>>> print(open('start_12.tsv').read())   # TSV, C-alpha atoms
chain	number	residue	atom	x	y	z
M	1	MET	CA	-76.44	-19.60	92.31
M	2	PRO	CA	-72.69	-19.03	92.82
M	3	ARG	CA	-73.63	-15.85	94.70
M	4	TYR	CA	-75.53	-17.91	97.25
M	5	SER	CA	-73.62	-21.18	97.52
M	6	GLU	CA	-70.24	-22.65	96.56
M	7	LYS	CA	-72.08	-25.69	95.20
M	8	ALA	CA	-74.13	-23.47	92.88
M	9	GLU	CA	-76.90	-25.48	91.12
M	10	LEU	CA	-75.77	-28.66	92.89
M	11	SER	CA	-76.76	-27.26	96.29
M	12	PRO	CA	-79.49	-29.02	98.31
M	13	ARG	CA	-83.03	-28.28	97.20
M	14	ASP	CA	-83.82	-26.08	100.18
M	15	VAL	CA	-80.77	-23.87	99.47
M	16	VAL	CA	-81.68	-23.56	95.78
M	17	SER	CA	-85.32	-22.70	96.60
M	18	GLN	CA	-84.32	-20.10	99.18
M	19	SER	CA	-81.80	-18.56	96.78
M	20	ILE	CA	-84.38	-18.33	93.99
M	21	PHE	CA	-86.85	-16.73	96.38
M	22	LYS	CA	-84.28	-14.15	97.49
M	23	GLU	CA	-83.38	-13.40	93.87
M	24	LEU	CA	-87.02	-12.88	92.91
M	25	ASN	CA	-87.57	-10.55	95.86
M	26	ALA	CA	-84.46	-8.57	94.96
M	27	THR	CA	-85.22	-8.22	91.26
M	28	GLY	CA	-89.02	-8.17	91.24
M	29	ASP	CA	-89.00	-10.79	88.49
M	30	THR	CA	-91.51	-13.64	88.34
M	31	CYS	CA	-88.96	-16.38	87.63
M	32	VAL	CA	-85.30	-17.23	87.16
M	33	TYR	CA	-84.02	-19.35	84.30
M	34	LEU	CA	-82.33	-22.71	83.91
M	35	ASP	CA	-80.01	-22.63	80.90
M	36	LEU	CA	-79.09	-25.85	79.07
M	37	ARG	CA	-77.83	-24.20	75.91
M	38	HIS	CA	-74.22	-25.13	76.69
M	39	MET	CA	-75.11	-28.84	76.42
M	40	ASP	CA	-75.31	-31.02	73.32
M	41	PRO	CA	-78.92	-30.61	72.01
M	42	GLN	CA	-79.23	-34.34	71.28
M	43	LEU	CA	-78.12	-35.17	74.82
M	44	VAL	CA	-80.65	-32.71	76.25
M	45	SER	CA	-83.48	-34.33	74.27
M	46	LYS	CA	-82.42	-37.81	75.34
M	47	ARG	CA	-81.89	-37.01	79.01
M	48	PHE	CA	-84.95	-34.81	79.59
M	49	PRO	CA	-87.79	-36.00	77.31
M	50	THR	CA	-90.60	-35.31	79.79
M	51	ILE	CA	-89.41	-31.82	80.70
M	52	GLY	CA	-88.84	-31.13	77.02
M	53	SER	CA	-92.37	-32.21	76.15
M	54	VAL	CA	-93.99	-30.10	78.89
M	55	CYS	CA	-91.95	-27.03	77.96
M	56	SER	CA	-92.76	-27.56	74.29
M	57	ASP	CA	-96.46	-27.20	75.11
M	58	TYR	CA	-95.63	-23.65	76.24
M	59	GLY	CA	-93.52	-22.84	73.21
M	60	ILE	CA	-90.17	-23.41	74.95
M	61	ASP	CA	-87.48	-25.49	73.29
M	62	ILE	CA	-85.19	-26.50	76.16
M	63	ARG	CA	-82.34	-27.11	73.70
M	64	ARG	CA	-82.37	-23.45	72.63
M	65	ASP	CA	-84.43	-21.47	75.16
M	66	PRO	CA	-83.84	-20.74	78.87
M	67	ILE	CA	-86.36	-22.57	81.08
M	68	PRO	CA	-88.36	-20.41	83.55
M	69	VAL	CA	-88.09	-21.68	87.15
M	70	ARG	CA	-89.85	-20.86	90.43
M	71	PRO	CA	-89.81	-22.56	93.83
M	72	ALA	CA	-92.66	-25.02	94.21
M	73	VAL	CA	-93.81	-27.87	96.42
M	74	HIS	CA	-91.69	-30.82	95.33
M	75	TYR	CA	-91.96	-33.42	98.07
M	76	MET	CA	-93.55	-33.84	101.45
M	77	MET	CA	-91.08	-34.25	104.31
M	78	GLY	CA	-93.12	-36.40	106.61
M	79	GLY	CA	-96.68	-37.62	106.31
M	80	VAL	CA	-98.87	-40.24	107.98
M	81	ALA	CA	-96.86	-41.93	110.74
M	82	THR	CA	-96.29	-45.66	110.25
M	83	ASP	CA	-94.36	-48.47	111.87
M	84	HIS	CA	-91.69	-50.51	110.08
M	85	ASP	CA	-94.41	-52.57	108.39
M	86	ALA	CA	-96.15	-49.49	106.95
M	87	ALA	CA	-99.07	-49.83	109.39
M	88	THR	CA	-100.72	-46.64	110.66
M	89	THR	CA	-102.50	-46.15	113.98
M	90	ILE	CA	-105.81	-46.99	112.28
M	91	LYS	CA	-106.35	-50.71	112.14
M	92	ASN	CA	-105.89	-52.25	108.67
M	93	LEU	CA	-104.82	-48.91	107.16
M	94	TYR	CA	-101.33	-48.89	105.66
M	95	ALA	CA	-99.33	-46.06	104.09
M	96	ALA	CA	-96.30	-46.15	101.80
M	97	GLY	CA	-94.50	-43.68	99.59
M	98	GLU	CA	-94.73	-39.91	99.76
M	99	VAL	CA	-97.92	-39.98	101.86
M	100	ALA	CA	-96.10	-41.78	104.70
M	101	PHE	CA	-93.72	-40.77	107.46
M	102	THR	CA	-91.56	-43.87	107.74
M	103	GLY	CA	-88.61	-42.16	109.41
M	104	VAL	CA	-86.12	-42.48	106.54
M	105	HIS	CA	-86.19	-38.75	105.64
M	106	GLY	CA	-85.21	-35.71	107.63
M	107	ALA	CA	-85.50	-31.97	107.12
M	108	ASN	CA	-84.81	-32.50	103.42
M	109	ARG	CA	-86.44	-35.36	101.57
M	110	LEU	CA	-83.64	-37.45	100.07
M	111	ALA	CA	-84.43	-38.26	96.45
M	112	SER	CA	-82.16	-41.30	96.37
M	113	ASN	CA	-84.07	-42.78	99.30
M	114	SER	CA	-87.52	-42.36	97.79
M	115	LEU	CA	-87.43	-45.25	95.32
M	116	LEU	CA	-86.10	-47.72	97.89
M	117	GLU	CA	-88.59	-46.41	100.44
M	118	GLY	CA	-91.49	-47.02	98.05
M	119	LEU	CA	-90.26	-50.51	97.19
M	120	VAL	CA	-89.59	-51.62	100.76
M	121	PHE	CA	-92.63	-50.19	102.50
M	122	GLY	CA	-94.91	-50.79	99.53
M	123	HIS	CA	-93.94	-54.46	99.63
M	124	ARG	CA	-94.50	-54.62	103.38
M	125	ALA	CA	-97.88	-52.92	103.10
M	126	GLY	CA	-98.89	-55.26	100.26
M	127	SER	CA	-97.79	-58.30	102.25
M	128	ALA	CA	-99.84	-57.36	105.30
M	129	GLU	CA	-102.81	-59.51	106.22
M	130	PRO	CA	-105.66	-57.37	107.57
M	131	GLU	CA	-107.42	-58.81	110.59
M	132	ASN	CA	-111.14	-58.39	111.17
M	133	PRO	CA	-111.69	-55.40	108.91
M	134	GLY	CA	-114.01	-52.89	110.54
M	135	PRO	CA	-116.32	-50.29	109.00
M	136	PHE	CA	-114.88	-47.43	107.02
M	137	PRO	CA	-114.61	-44.65	107.93
M	138	PRO	CA	-113.72	-45.94	111.42
M	139	GLU	CA	-115.73	-44.74	114.39
M	140	SER	CA	-113.10	-42.16	115.37
M	141	LEU	CA	-113.51	-40.42	112.01
M	142	ARG	CA	-117.25	-40.88	111.64
M	143	LYS	CA	-117.78	-38.82	114.77
M	144	ARG	CA	-116.15	-35.92	112.92
M	145	LEU	CA	-118.35	-36.13	109.83
M	146	PRO	CA	-120.38	-32.91	109.71
M	147	SER	CA	-124.13	-32.70	109.52
M	148	LYS	CA	-126.11	-30.20	107.51
M	149	GLY	CA	-125.17	-26.61	108.10
M	150	ALA	CA	-123.56	-23.63	106.42
M	151	ARG	CA	-122.41	-24.15	102.85
M	152	LEU	CA	-119.07	-23.13	101.44
M	153	ASP	CA	-117.81	-22.58	97.94
M	154	ILE	CA	-115.36	-25.49	97.88
M	155	GLU	CA	-113.41	-24.22	94.88
M	156	ASP	CA	-113.05	-20.77	96.41
M	157	LEU	CA	-111.94	-22.26	99.74
M	158	SER	CA	-109.40	-24.44	97.95
M	159	ARG	CA	-107.92	-21.45	96.11
M	160	SER	CA	-107.82	-19.37	99.29
M	161	LEU	CA	-106.15	-22.21	101.19
M	162	LYS	CA	-103.45	-22.62	98.53
M	163	ALA	CA	-102.76	-18.87	98.51
M	164	LEU	CA	-102.59	-18.72	102.31
M	165	THR	CA	-100.23	-21.66	102.66
M	166	TRP	CA	-97.92	-20.47	99.87
M	167	ARG	CA	-97.75	-17.01	101.44
M	168	ASN	CA	-97.28	-18.08	105.08
M	169	LEU	CA	-96.02	-21.69	104.99
M	170	GLY	CA	-93.77	-21.40	101.97
M	171	VAL	CA	-90.03	-20.95	101.59
M	172	PHE	CA	-89.60	-18.56	104.55
M	173	ARG	CA	-91.67	-18.54	107.74
M	174	ASN	CA	-92.06	-16.42	110.88
M	175	ALA	CA	-94.11	-16.56	114.06
M	176	ILE	CA	-96.52	-13.76	113.09
M	177	ARG	CA	-97.57	-15.34	109.80
M	178	LEU	CA	-97.62	-18.85	111.25
M	179	SER	CA	-99.90	-17.72	114.09
M	180	GLU	CA	-102.14	-15.95	111.57
M	181	THR	CA	-102.31	-19.15	109.52
M	182	VAL	CA	-103.21	-21.33	112.51
M	183	GLU	CA	-106.06	-19.01	113.50
M	184	THR	CA	-107.34	-18.67	109.93
M	185	LEU	CA	-107.34	-22.44	109.41
M	186	LYS	CA	-109.17	-22.93	112.71
M	187	ALA	CA	-111.87	-20.52	111.56
M	188	TRP	CA	-112.23	-22.20	108.17
M	189	SER	CA	-112.40	-25.65	109.77
M	190	ARG	CA	-115.40	-24.62	111.88
M	191	TYR	CA	-117.54	-24.28	108.78
M	192	VAL	CA	-119.65	-27.23	107.73
M	193	LEU	CA	-119.65	-28.46	104.14
M	194	ALA	CA	-122.96	-30.32	104.62
M	195	GLU	CA	-123.65	-32.89	101.91
M	196	GLN	CA	-120.74	-31.48	99.88
M	197	PHE	CA	-118.39	-33.14	102.35
M	198	HIS	CA	-119.46	-36.58	101.16
M	199	MET	CA	-118.31	-35.86	97.62
M	200	ARG	CA	-114.69	-36.06	96.51
M	201	PRO	CA	-114.03	-32.27	96.38
M	202	GLY	CA	-115.34	-31.93	99.94
M	203	PHE	CA	-113.15	-34.75	101.22
M	204	GLU	CA	-110.13	-33.24	99.48
M	205	VAL	CA	-110.64	-29.80	101.01
M	206	GLN	CA	-111.10	-31.31	104.47
M	207	ASN	CA	-107.85	-33.23	104.03
M	208	MET	CA	-106.09	-30.09	102.77
M	209	LEU	CA	-107.26	-28.14	105.82
M	210	THR	CA	-106.08	-30.88	108.18
M	211	THR	CA	-102.69	-31.17	106.48
M	212	ALA	CA	-102.21	-27.40	106.43
M	213	GLN	CA	-103.03	-27.20	110.14
M	214	ALA	CA	-100.54	-29.97	110.91
M	215	ILE	CA	-97.81	-28.12	109.01
M	216	ALA	CA	-98.64	-24.72	110.54
M	217	VAL	CA	-98.84	-25.99	114.14
M	218	SER	CA	-95.59	-27.93	113.78
M	219	ALA	CA	-93.77	-25.05	112.07
M	220	LEU	CA	-94.88	-22.60	114.76
M	221	ALA	CA	-93.68	-24.90	117.53
M	222	ARG	CA	-90.27	-25.61	115.92
M	223	THR	CA	-88.28	-22.51	116.90
M	224	GLU	CA	-85.27	-23.14	114.65
M	225	SER	CA	-84.34	-23.48	110.98
M	226	ARG	CA	-83.52	-26.91	109.58
M	227	GLY	CA	-83.53	-28.02	105.96
M	228	ALA	CA	-86.68	-26.90	104.17
M	229	HIS	CA	-88.10	-25.41	107.40
M	230	GLN	CA	-86.72	-21.86	107.47
M	231	ARG	CA	-87.79	-19.49	110.26
M	232	VAL	CA	-86.49	-15.98	109.60
M	233	ASP	CA	-87.00	-15.23	113.31
M	234	PHE	CA	-85.01	-18.34	114.30
M	235	PRO	CA	-82.39	-18.68	111.52
M	236	ALA	CA	-80.04	-21.11	113.30
M	237	GLN	CA	-80.37	-24.82	114.01
M	238	ASP	CA	-81.10	-25.75	117.63
M	239	PRO	CA	-79.81	-29.14	118.86
M	240	MET	CA	-82.94	-29.44	120.98
M	241	TRP	CA	-84.92	-29.88	117.76
M	242	ALA	CA	-82.73	-32.60	116.23
M	243	THR	CA	-85.70	-34.94	116.12
M	244	HIS	CA	-88.85	-35.59	114.12
M	245	SER	CA	-92.03	-33.71	115.04
M	246	ILE	CA	-95.21	-35.75	115.53
M	247	VAL	CA	-98.62	-34.08	115.55
M	248	SER	CA	-101.93	-35.89	116.12
M	249	ILE	CA	-105.53	-34.96	115.42
M	250	LYS	CA	-106.04	-33.93	119.04
M	251	ASP	CA	-103.45	-31.19	118.51
M	252	LEU	CA	-105.57	-29.64	115.75
M	253	ASP	CA	-108.87	-27.78	115.81
M	254	VAL	CA	-110.69	-29.98	113.27
>>> encode(input="start_12.tsv", output="structure tokens")
Amino acid sequence: MPRYSEKAELSPRDVVSQSIFKELNATGDTCVYLDLRHMDPQLVSKRFPTIGSVCSDYGIDIRRDPIPVRPAVHYMMGGVATDHDAATTIKNLYAAGEVAFTGVHGANRLASNSLLEGLVFGHRAGSAEPENPGPFPPESLRKRLPSKGARLDIEDLSRSLKALTWRNLGVFRNAIRLSETVETLKAWSRYVLAEQFHMRPGFEVQNMLTTAQAIAVSALARTESRGAHQRVDFPAQDPMWATHSIVSIKDLDV
């Protein structure tokens, strides 16, 4: 990390992720390593019990062994837009926590804000008094429910979607791959899952497609780099984009 940033491992998450990605591309390795061997073993066990337990399942003792590390999805920056009372644009539907865009995070999700955000907006959502609850799903969503038609292998589509988004919407982005992603997601969204849609895996894939489209469309439109959004074809920040991006369902081909 000192080769990439003066703050080394204490750099912001986006800088660390980008540096790891560059290192992996340069070396051809599959991971880098986090080394805690300079720390007191008892302190390591006390401070990191969960990480220690997970690593132990893979035969890694974090007190003695380097820990393999790769960039991964850690947090969502953004989510379902809400007002200051955690209410969404759908009547009686509230959102709080990582699923919500409450406006308290920017181009990097701030870890210290997340707990307070969950407490404040969770409390506001829980204190809300729904008025005249309507049918669920609401009419606007029911119109989009597919009828019988072509069938898809949901598990295969899910795997393909994850591979596509990691490859084209991951640490580094560019217009060519973003455009390819938008068109691919449009094509996949035109398929009908028939009765599969009404089961949990079908709902999940539909939500994944919608979320991926929202990310791809927004990333293609934002012609700058800011925080975790890194465009190799637009590496600098642009003051014009010093604002949140809002995308609605009408902006997507779903």
>>> residues_around(input="start_12.tsv", residues="region 107-109 of chain M", least_positions_apart="5", cutoff="10 Å", atoms="only C-alpha atoms", output="CSV table (one decimal) with C-alpha atoms, in the coordinates of the input")
chain,number,residue,atom,x,y,z
M,12,PRO,CA,-79.5,-29.0,98.3
M,13,ARG,CA,-83.0,-28.3,97.2
M,14,ASP,CA,-83.8,-26.1,100.2
M,74,HIS,CA,-91.7,-30.8,95.3
M,75,TYR,CA,-92.0,-33.4,98.1
M,76,MET,CA,-93.6,-33.8,101.4
M,77,MET,CA,-91.1,-34.2,104.3
M,78,GLY,CA,-93.1,-36.4,106.6
M,98,GLU,CA,-94.7,-39.9,99.8
M,114,SER,CA,-87.5,-42.4,97.8
M,225,SER,CA,-84.3,-23.5,111.0
M,226,ARG,CA,-83.5,-26.9,109.6
M,227,GLY,CA,-83.5,-28.0,106.0
M,228,ALA,CA,-86.7,-26.9,104.2
M,229,HIS,CA,-88.1,-25.4,107.4
M,242,ALA,CA,-82.7,-32.6,116.2
M,243,THR,CA,-85.7,-34.9,116.1
M,244,HIS,CA,-88.8,-35.6,114.1
>>> closest_residue(input="start_12.tsv", among="M:Asp153, M:Glu129, M:Asp65, M:Glu224", to="Arg173 (chain M)", atoms="all atoms listed in the file")
M:Glu224
>>> closest_residue(input="start_12.tsv", among="M:Leu252, M:Ile90, M:Ile154, M:Ile176", to="Tyr191 (chain M)", atoms="all atoms listed in the file")
M:Ile154
>>> closest_residue(input="start_12.tsv", among="M:Ile246, M:Val16, M:Thr82, M:Ser158", to="Asn207 (chain M)", atoms="only C-alpha atoms")
M:Ser158
>>> axis_aligned_box(input="start_12.tsv", around="region 77-89 of chain M", padding_each_side="3 Å", output="AutoDock Vina command-line options")
--center_x -96.8 --center_y -43.4 --center_z 109.1 --size_x 17.4 --size_y 24.3 --size_z 15.7
>>> decode(input="start_12.tsv", residues="region 165-178 of chain M", atoms="all heavy atoms", output="PDB file, in the first residue's frame")
ATOM      1  N   THR M 165     -21.568  -8.063 -13.836  1.00  0.00           N
ATOM      2  CA  THR M 165     -21.451  -6.842 -13.045  1.00  0.00           C
ATOM      3  C   THR M 165     -20.069  -6.713 -12.407  1.00  0.00           C
ATOM      4  O   THR M 165     -19.536  -5.605 -12.290  1.00  0.00           O
ATOM      5  CB  THR M 165     -22.549  -6.766 -11.968  1.00  0.00           C
ATOM      6  OG1 THR M 165     -22.559  -7.988 -11.201  1.00  0.00           O
ATOM      7  CG2 THR M 165     -23.914  -6.586 -12.609  1.00  0.00           C
ATOM      8  N   TRP M 166     -19.476  -7.840 -11.973  1.00  0.00           N
ATOM      9  CA  TRP M 166     -18.123  -7.764 -11.421  1.00  0.00           C
ATOM     10  C   TRP M 166     -17.138  -7.311 -12.495  1.00  0.00           C
ATOM     11  O   TRP M 166     -16.263  -6.473 -12.256  1.00  0.00           O
ATOM     12  CB  TRP M 166     -17.697  -9.114 -10.858  1.00  0.00           C
ATOM     13  CG  TRP M 166     -16.229  -9.167 -10.534  1.00  0.00           C
ATOM     14  CD1 TRP M 166     -15.264  -9.880 -11.170  1.00  0.00           C
ATOM     15  CD2 TRP M 166     -15.557  -8.443  -9.492  1.00  0.00           C
ATOM     16  NE1 TRP M 166     -14.037  -9.656 -10.590  1.00  0.00           N
ATOM     17  CE2 TRP M 166     -14.189  -8.771  -9.568  1.00  0.00           C
ATOM     18  CE3 TRP M 166     -15.992  -7.543  -8.516  1.00  0.00           C
ATOM     19  CZ2 TRP M 166     -13.244  -8.238  -8.698  1.00  0.00           C
ATOM     20  CZ3 TRP M 166     -15.043  -7.013  -7.645  1.00  0.00           C
ATOM     21  CH2 TRP M 166     -13.691  -7.361  -7.741  1.00  0.00           C
ATOM     22  N   ARG M 167     -17.305  -7.846 -13.708  1.00  0.00           N
ATOM     23  CA  ARG M 167     -16.371  -7.540 -14.794  1.00  0.00           C
ATOM     24  C   ARG M 167     -16.521  -6.086 -15.280  1.00  0.00           C
ATOM     25  O   ARG M 167     -15.525  -5.403 -15.531  1.00  0.00           O
ATOM     26  CB  ARG M 167     -16.613  -8.508 -15.954  1.00  0.00           C
ATOM     27  CG  ARG M 167     -15.644  -8.357 -17.120  1.00  0.00           C
ATOM     28  CD  ARG M 167     -15.830  -9.465 -18.137  1.00  0.00           C
ATOM     29  NE  ARG M 167     -17.136  -9.423 -18.776  1.00  0.00           N
ATOM     30  CZ  ARG M 167     -18.109 -10.306 -18.564  1.00  0.00           C
ATOM     31  NH1 ARG M 167     -17.919 -11.299 -17.711  1.00  0.00           N
ATOM     32  NH2 ARG M 167     -19.255 -10.210 -19.199  1.00  0.00           N
ATOM     33  N   ASN M 168     -17.750  -5.605 -15.395  1.00  0.00           N
ATOM     34  CA  ASN M 168     -17.994  -4.309 -16.036  1.00  0.00           C
ATOM     35  C   ASN M 168     -18.434  -3.195 -15.096  1.00  0.00           C
ATOM     36  O   ASN M 168     -18.364  -2.018 -15.461  1.00  0.00           O
ATOM     37  CB  ASN M 168     -19.048  -4.461 -17.137  1.00  0.00           C
ATOM     38  CG  ASN M 168     -18.551  -5.299 -18.299  1.00  0.00           C
ATOM     39  OD1 ASN M 168     -17.382  -5.682 -18.354  1.00  0.00           O
ATOM     40  ND2 ASN M 168     -19.431  -5.593 -19.231  1.00  0.00           N
ATOM     41  N   LEU M 169     -18.911  -3.545 -13.900  1.00  0.00           N
ATOM     42  CA  LEU M 169     -19.348  -2.517 -12.945  1.00  0.00           C
ATOM     43  C   LEU M 169     -18.521  -2.543 -11.675  1.00  0.00           C
ATOM     44  O   LEU M 169     -18.931  -2.002 -10.655  1.00  0.00           O
ATOM     45  CB  LEU M 169     -20.836  -2.726 -12.573  1.00  0.00           C
ATOM     46  CG  LEU M 169     -21.859  -2.663 -13.688  1.00  0.00           C
ATOM     47  CD1 LEU M 169     -23.260  -2.889 -13.126  1.00  0.00           C
ATOM     48  CD2 LEU M 169     -21.797  -1.335 -14.412  1.00  0.00           C
ATOM     49  N   GLY M 170     -17.356  -3.177 -11.747  1.00  0.00           N
ATOM     50  CA  GLY M 170     -16.546  -3.372 -10.557  1.00  0.00           C
ATOM     51  C   GLY M 170     -15.672  -2.185 -10.204  1.00  0.00           C
ATOM     52  O   GLY M 170     -16.101  -1.032 -10.262  1.00  0.00           O
ATOM     53  N   VAL M 171     -14.417  -2.457  -9.875  1.00  0.00           N
ATOM     54  CA  VAL M 171     -13.528  -1.429  -9.344  1.00  0.00           C
ATOM     55  C   VAL M 171     -13.251  -0.326 -10.360  1.00  0.00           C
ATOM     56  O   VAL M 171     -13.237   0.857 -10.025  1.00  0.00           O
ATOM     57  CB  VAL M 171     -12.209  -2.071  -8.870  1.00  0.00           C
ATOM     58  CG1 VAL M 171     -11.242  -1.017  -8.354  1.00  0.00           C
ATOM     59  CG2 VAL M 171     -12.487  -3.095  -7.770  1.00  0.00           C
ATOM     60  N   PHE M 172     -13.018  -0.710 -11.630  1.00  0.00           N
ATOM     61  CA  PHE M 172     -12.759   0.274 -12.686  1.00  0.00           C
ATOM     62  C   PHE M 172     -13.795   0.127 -13.796  1.00  0.00           C
ATOM     63  O   PHE M 172     -14.159  -0.979 -14.172  1.00  0.00           O
ATOM     64  CB  PHE M 172     -11.344   0.090 -13.248  1.00  0.00           C
ATOM     65  CG  PHE M 172     -10.257   0.455 -12.269  1.00  0.00           C
ATOM     66  CD1 PHE M 172      -9.514  -0.531 -11.642  1.00  0.00           C
ATOM     67  CD2 PHE M 172      -9.996   1.783 -11.978  1.00  0.00           C
ATOM     68  CE1 PHE M 172      -8.509  -0.196 -10.736  1.00  0.00           C
ATOM     69  CE2 PHE M 172      -9.002   2.131 -11.072  1.00  0.00           C
ATOM     70  CZ  PHE M 172      -8.258   1.135 -10.445  1.00  0.00           C
ATOM     71  N   ARG M 173     -14.225   1.258 -14.336  1.00  0.00           N
ATOM     72  CA  ARG M 173     -15.306   1.268 -15.336  1.00  0.00           C
ATOM     73  C   ARG M 173     -14.889   2.102 -16.545  1.00  0.00           C
ATOM     74  O   ARG M 173     -14.059   2.999 -16.446  1.00  0.00           O
ATOM     75  CB  ARG M 173     -16.580   1.867 -14.720  1.00  0.00           C
ATOM     76  CG  ARG M 173     -17.075   1.109 -13.502  1.00  0.00           C
ATOM     77  CD  ARG M 173     -18.062   1.924 -12.699  1.00  0.00           C
ATOM     78  NE  ARG M 173     -18.680   1.128 -11.638  1.00  0.00           N
ATOM     79  CZ  ARG M 173     -19.531   1.621 -10.740  1.00  0.00           C
ATOM     80  NH1 ARG M 173     -19.852   2.912 -10.743  1.00  0.00           N
ATOM     81  NH2 ARG M 173     -20.050   0.831  -9.817  1.00  0.00           N
ATOM     82  N   ASN M 174     -15.509   1.813 -17.694  1.00  0.00           N
ATOM     83  CA  ASN M 174     -15.339   2.662 -18.873  1.00  0.00           C
ATOM     84  C   ASN M 174     -16.597   2.607 -19.716  1.00  0.00           C
ATOM     85  O   ASN M 174     -17.459   1.730 -19.523  1.00  0.00           O
ATOM     86  CB  ASN M 174     -14.098   2.250 -19.688  1.00  0.00           C
ATOM     87  CG  ASN M 174     -14.203   0.846 -20.253  1.00  0.00           C
ATOM     88  OD1 ASN M 174     -15.142   0.526 -20.988  1.00  0.00           O
ATOM     89  ND2 ASN M 174     -13.251  -0.020 -19.923  1.00  0.00           N
ATOM     90  N   ALA M 175     -16.724   3.553 -20.645  1.00  0.00           N
ATOM     91  CA  ALA M 175     -17.961   3.710 -21.401  1.00  0.00           C
ATOM     92  C   ALA M 175     -18.299   2.469 -22.219  1.00  0.00           C
ATOM     93  O   ALA M 175     -19.470   2.085 -22.324  1.00  0.00           O
ATOM     94  CB  ALA M 175     -17.851   4.934 -22.313  1.00  0.00           C
ATOM     95  N   ILE M 176     -17.277   1.833 -22.822  1.00  0.00           N
ATOM     96  CA  ILE M 176     -17.536   0.675 -23.681  1.00  0.00           C
ATOM     97  C   ILE M 176     -18.174  -0.451 -22.880  1.00  0.00           C
ATOM     98  O   ILE M 176     -19.207  -1.022 -23.273  1.00  0.00           O
ATOM     99  CB  ILE M 176     -16.234   0.203 -24.351  1.00  0.00           C
ATOM    100  CG1 ILE M 176     -15.710   1.274 -25.321  1.00  0.00           C
ATOM    101  CG2 ILE M 176     -16.457  -1.123 -25.069  1.00  0.00           C
ATOM    102  CD1 ILE M 176     -14.380   0.931 -25.946  1.00  0.00           C
ATOM    103  N   ARG M 177     -17.586  -0.780 -21.741  1.00  0.00           N
ATOM    104  CA  ARG M 177     -18.115  -1.884 -20.936  1.00  0.00           C
ATOM    105  C   ARG M 177     -19.438  -1.518 -20.271  1.00  0.00           C
ATOM    106  O   ARG M 177     -20.312  -2.370 -20.111  1.00  0.00           O
ATOM    107  CB  ARG M 177     -17.081  -2.296 -19.888  1.00  0.00           C
ATOM    108  CG  ARG M 177     -15.885  -3.014 -20.498  1.00  0.00           C
ATOM    109  CD  ARG M 177     -15.060  -3.719 -19.444  1.00  0.00           C
ATOM    110  NE  ARG M 177     -14.050  -4.592 -20.050  1.00  0.00           N
ATOM    111  CZ  ARG M 177     -13.302  -5.435 -19.372  1.00  0.00           C
ATOM    112  NH1 ARG M 177     -13.422  -5.523 -18.053  1.00  0.00           N
ATOM    113  NH2 ARG M 177     -12.411  -6.184 -19.980  1.00  0.00           N
ATOM    114  N   LEU M 178     -19.586  -0.263 -19.895  1.00  0.00           N
ATOM    115  CA  LEU M 178     -20.861   0.159 -19.301  1.00  0.00           C
ATOM    116  C   LEU M 178     -21.985   0.078 -20.329  1.00  0.00           C
ATOM    117  O   LEU M 178     -23.093  -0.370 -20.019  1.00  0.00           O
ATOM    118  CB  LEU M 178     -20.734   1.580 -18.747  1.00  0.00           C
ATOM    119  CG  LEU M 178     -19.859   1.729 -17.496  1.00  0.00           C
ATOM    120  CD1 LEU M 178     -19.642   3.198 -17.174  1.00  0.00           C
ATOM    121  CD2 LEU M 178     -20.500   1.011 -16.302  1.00  0.00           C
TER     122      LEU M 178
END
